[in-house]
Amino acid sequence: MEHGDKVKAELEKLSKYQGCLPHLGHEVITARNGALYPLDFVVIGIVKRSLSIASAFKTLVTDWNMVCARALLRMQIDTVIRFSAFWISGNPHQMAVEVMQGNQINKMKDRDGKKMTDAYLVKKLSHEFDWMPTVYQYTSGYIHFSERHLFDPIASLEEDDRLVKFIINDKDEKFPESSWHEIVSCFNQCAEIIFAYLKGYKHIKEATG
């Protein structure tokens, strides 16, 4: 069984992101004659985390594992919102130092004095990406054991006969193709956001050189 053309197109797009991300990361790190700043170490971590999650995510989609794919999408959204925090910080490099020291981003404040909790960061990004709050909230149920895991095995529900049919295996083939297309599309949009931040930082480094 294979995914449809739309899902395959999104997976192909994801593969291209995977191929381009290391090169863009290298360009960022080597900009301004290779001068390294605290934020560059954040970039290295973001690139590595994104590549690892993307590789596993693509495998899960190919193997029809929606439950774990949604959990990884939530992890990638976390990557995006935490990375976005540096761009609303009053001092991104100092923030990077604090992160390297083990301080939590959700306890730090942005340039307006607002605490950068996940909810706050999601809300900020929602001004440009209106899907972010809904997808963030929904996929959060897949990180910890929740009601999502109780309902996903249900194959059909017949109220008249009070009959419930379950499918319990490692494949999630009951989901429509539109659901698979949506999840990969959201993942790719996360990649686009990360690319935009990386290109922006590269431009800043080159402009100040």
# chains A, B, ... in the order shown; residues from 1 in each chain; ligands from 1
>>> select_by_dssp(residues="region 44-118 of chain A", states="alpha helix (DSSP H)", output="JSON, numbers by chain")
{"A": [44, 45, 46, 47, 48, 49, 50, 51, 52, 53, 54, 55, 56, 57, 58, 59, 60, 61, 62, 66, 67, 68, 69, 70, 71, 72, 73, 74, 75, 76, 77, 78, 79, 80, 81, 82, 83, 84, 85, 92, 93, 94, 95, 96, 97, 98, 99, 100, 118]}
>>> residues_around(residues="region 128-137 of chain A", least_positions_apart="6", cutoff="9 Å", atoms="only C-alpha atoms", output="PyMOL selection string")
chain A and resi 73-74+77-78+119+122+186
>>> write_last_selection(atoms="C-alpha atoms", output="PDB file, in the first residue's frame")
ATOM      1  CA  LEU A  73       5.365  16.875  14.359  1.00  0.00           C
ATOM      2  CA  ARG A  74       4.740  18.242  17.848  1.00  0.00           C
ATOM      3  CA  ILE A  77       6.765  22.574  16.281  1.00  0.00           C
ATOM      4  CA  ASP A  78       8.602  22.834  19.596  1.00  0.00           C
ATOM      5  CA  ALA A 119       1.625  29.365  24.680  1.00  0.00           C
ATOM      6  CA  VAL A 122       2.622  29.887  19.632  1.00  0.00           C
ATOM      7  CA  CYS A 186       2.516  21.083   8.407  1.00  0.00           C
TER       8      CYS A 186
END
>>> atom_distance(atom1="CA of Lys48 (chain A)", atom2="CA of Ser178 (chain A)")
29.3 Å
>>> select_by_dssp(residues="region 47-177 of chain A", states="strand (DSSP E)", output="number ranges by chain")
A: 154-158, 163-166
>>> residues_around(residues="Ala54 (chain A)", least_positions_apart="4", cutoff="12 Å", atoms="only C-alpha atoms", output="PyMOL selection string")
chain A and resi 11+13-19+21+46-50+58-61+69+72-77+79+184+187-188+190-191
>>> write_last_selection(atoms="C-alpha atoms", output="PDB file, in the first residue's frame")
ATOM      1  CA  LEU A  11       7.461  13.810   1.157  1.00  0.00           C
ATOM      2  CA  LYS A  13       9.572  18.321  -0.708  1.00  0.00           C
ATOM      3  CA  LEU A  14      10.647  17.164   2.754  1.00  0.00           C
ATOM      4  CA  SER A  15      13.535  15.229   1.211  1.00  0.00           C
ATOM      5  CA  LYS A  16      14.691  18.406  -0.516  1.00  0.00           C
ATOM      6  CA  TYR A  17      14.598  20.275   2.767  1.00  0.00           C
ATOM      7  CA  GLN A  18      16.695  17.539   4.334  1.00  0.00           C
ATOM      8  CA  GLY A  19      19.255  17.901   1.563  1.00  0.00           C
ATOM      9  CA  LEU A  21      19.375  22.186   5.514  1.00  0.00           C
ATOM     10  CA  ILE A  46      18.522  23.412  15.602  1.00  0.00           C
ATOM     11  CA  VAL A  47      19.907  21.992  12.359  1.00  0.00           C
ATOM     12  CA  LYS A  48      20.893  18.702  13.983  1.00  0.00           C
ATOM     13  CA  ARG A  49      17.574  18.290  15.807  1.00  0.00           C
ATOM     14  CA  SER A  50      15.585  19.160  12.679  1.00  0.00           C
ATOM     15  CA  LYS A  58       9.491  10.526   6.974  1.00  0.00           C
ATOM     16  CA  THR A  59      10.021   6.895   7.952  1.00  0.00           C
ATOM     17  CA  LEU A  60       6.934   6.923  10.165  1.00  0.00           C
ATOM     18  CA  VAL A  61       4.732   8.393   7.444  1.00  0.00           C
ATOM     19  CA  ALA A  69       4.291  10.875  13.298  1.00  0.00           C
ATOM     20  CA  LEU A  72       7.263  14.040  16.015  1.00  0.00           C
ATOM     21  CA  LEU A  73       5.365  16.875  14.359  1.00  0.00           C
ATOM     22  CA  ARG A  74       4.740  18.242  17.848  1.00  0.00           C
ATOM     23  CA  MET A  75       8.483  17.966  18.571  1.00  0.00           C
ATOM     24  CA  GLN A  76       9.269  19.877  15.382  1.00  0.00           C
ATOM     25  CA  ILE A  77       6.765  22.574  16.281  1.00  0.00           C
ATOM     26  CA  THR A  79      11.833  23.321  17.631  1.00  0.00           C
ATOM     27  CA  VAL A 184       3.399  16.264   6.128  1.00  0.00           C
ATOM     28  CA  PHE A 187       5.931  19.518   8.908  1.00  0.00           C
ATOM     29  CA  ASN A 188       7.169  21.145   5.710  1.00  0.00           C
ATOM     30  CA  CYS A 190       7.853  24.095  10.005  1.00  0.00           C
ATOM     31  CA  ALA A 191      10.885  23.527   7.795  1.00  0.00           C
TER      32      ALA A 191
END
>>> residues_around(residues="Val42 (chain A)", least_positions_apart="5", cutoff="12 Å", atoms="only C-alpha atoms", output="ChimeraX atom specification")
/A:25,28-29,36-37,47-49,79,82-86,92-100,197-198,201
>>> write_last_selection(atoms="C-alpha atoms", output="tab-separated table (two decimals), in the first residue's frame")
chain	number	residue	atom	x	y	z
A	25	GLY	CA	23.50	25.64	8.26
A	28	VAL	CA	25.27	30.47	8.43
A	29	ILE	CA	28.13	29.17	10.55
A	36	LEU	CA	31.26	32.22	15.81
A	37	TYR	CA	28.76	33.80	18.18
A	47	VAL	CA	19.91	21.99	12.36
A	48	LYS	CA	20.89	18.70	13.98
A	49	ARG	CA	17.57	18.29	15.81
A	79	THR	CA	11.83	23.32	17.63
A	82	ARG	CA	11.82	27.81	20.69
A	83	PHE	CA	13.94	29.01	17.76
A	84	SER	CA	11.52	31.87	17.18
A	85	ALA	CA	12.07	33.03	20.76
A	86	PHE	CA	15.56	34.26	19.90
A	92	PRO	CA	19.63	36.85	21.22
A	93	HIS	CA	23.30	36.11	21.91
A	94	GLN	CA	22.93	36.56	25.66
A	95	MET	CA	19.83	34.38	25.52
A	96	ALA	CA	21.87	31.73	23.72
A	97	VAL	CA	24.46	31.84	26.50
A	98	GLU	CA	21.73	31.37	29.09
A	99	VAL	CA	20.32	28.39	27.17
A	100	MET	CA	23.78	26.82	27.03
A	197	TYR	CA	15.15	32.23	10.40
A	198	LEU	CA	18.44	30.73	9.26
A	201	TYR	CA	20.47	35.32	10.64
>>> residues_around(residues="Arg70 (chain A)", least_positions_apart="3", cutoff="9 Å", atoms="only C-alpha atoms", output="PDB file with C-alpha atoms, in the first residue's frame")
ATOM      1  CA  PHE A  57       9.160  11.509  10.626  1.00  0.00           C
ATOM      2  CA  ASN A  65       2.458   5.231  11.760  1.00  0.00           C
ATOM      3  CA  MET A  66       0.267   8.277  12.365  1.00  0.00           C
ATOM      4  CA  VAL A  67       0.428   8.093  16.173  1.00  0.00           C
ATOM      5  CA  LEU A  73       5.365  16.875  14.359  1.00  0.00           C
ATOM      6  CA  ARG A  74       4.740  18.242  17.848  1.00  0.00           C
ATOM      7  CA  MET A  75       8.483  17.966  18.571  1.00  0.00           C
ATOM      8  CA  TYR A 138      -3.913  18.686  18.991  1.00  0.00           C
ATOM      9  CA  THR A 139      -0.489  17.069  18.614  1.00  0.00           C
ATOM     10  CA  SER A 140       0.393  17.786  22.240  1.00  0.00           C
ATOM     11  CA  TYR A 142       0.458  12.538  21.410  1.00  0.00           C
ATOM     12  CA  ILE A 143       3.487  13.453  23.528  1.00  0.00           C
ATOM     13  CA  ILE A 183       0.549  16.306   8.666  1.00  0.00           C
TER      14      ILE A 183
END
>>> closest_residue(among="A:Glu2, A:Glu182, A:Pro22, A:Ala196", to="Gly45 (chain A)", atoms="only C-alpha atoms")
A:Pro22
>>> atom_distance(atom1="CA of Lys124 (chain A)", atom2="CA of Ile81 (chain A)")
9.1 Å
>>> atom_distance(atom1="CA of Gln189 (chain A)", atom2="CA of Ile53 (chain A)")
14.2 Å
>>> residues_around(residues="Tyr120 (chain A)", least_positions_apart="5", cutoff="10 Å", atoms="only C-alpha atoms", output="PyMOL selection string")
chain A and resi 81+85+106+114-115+125-126
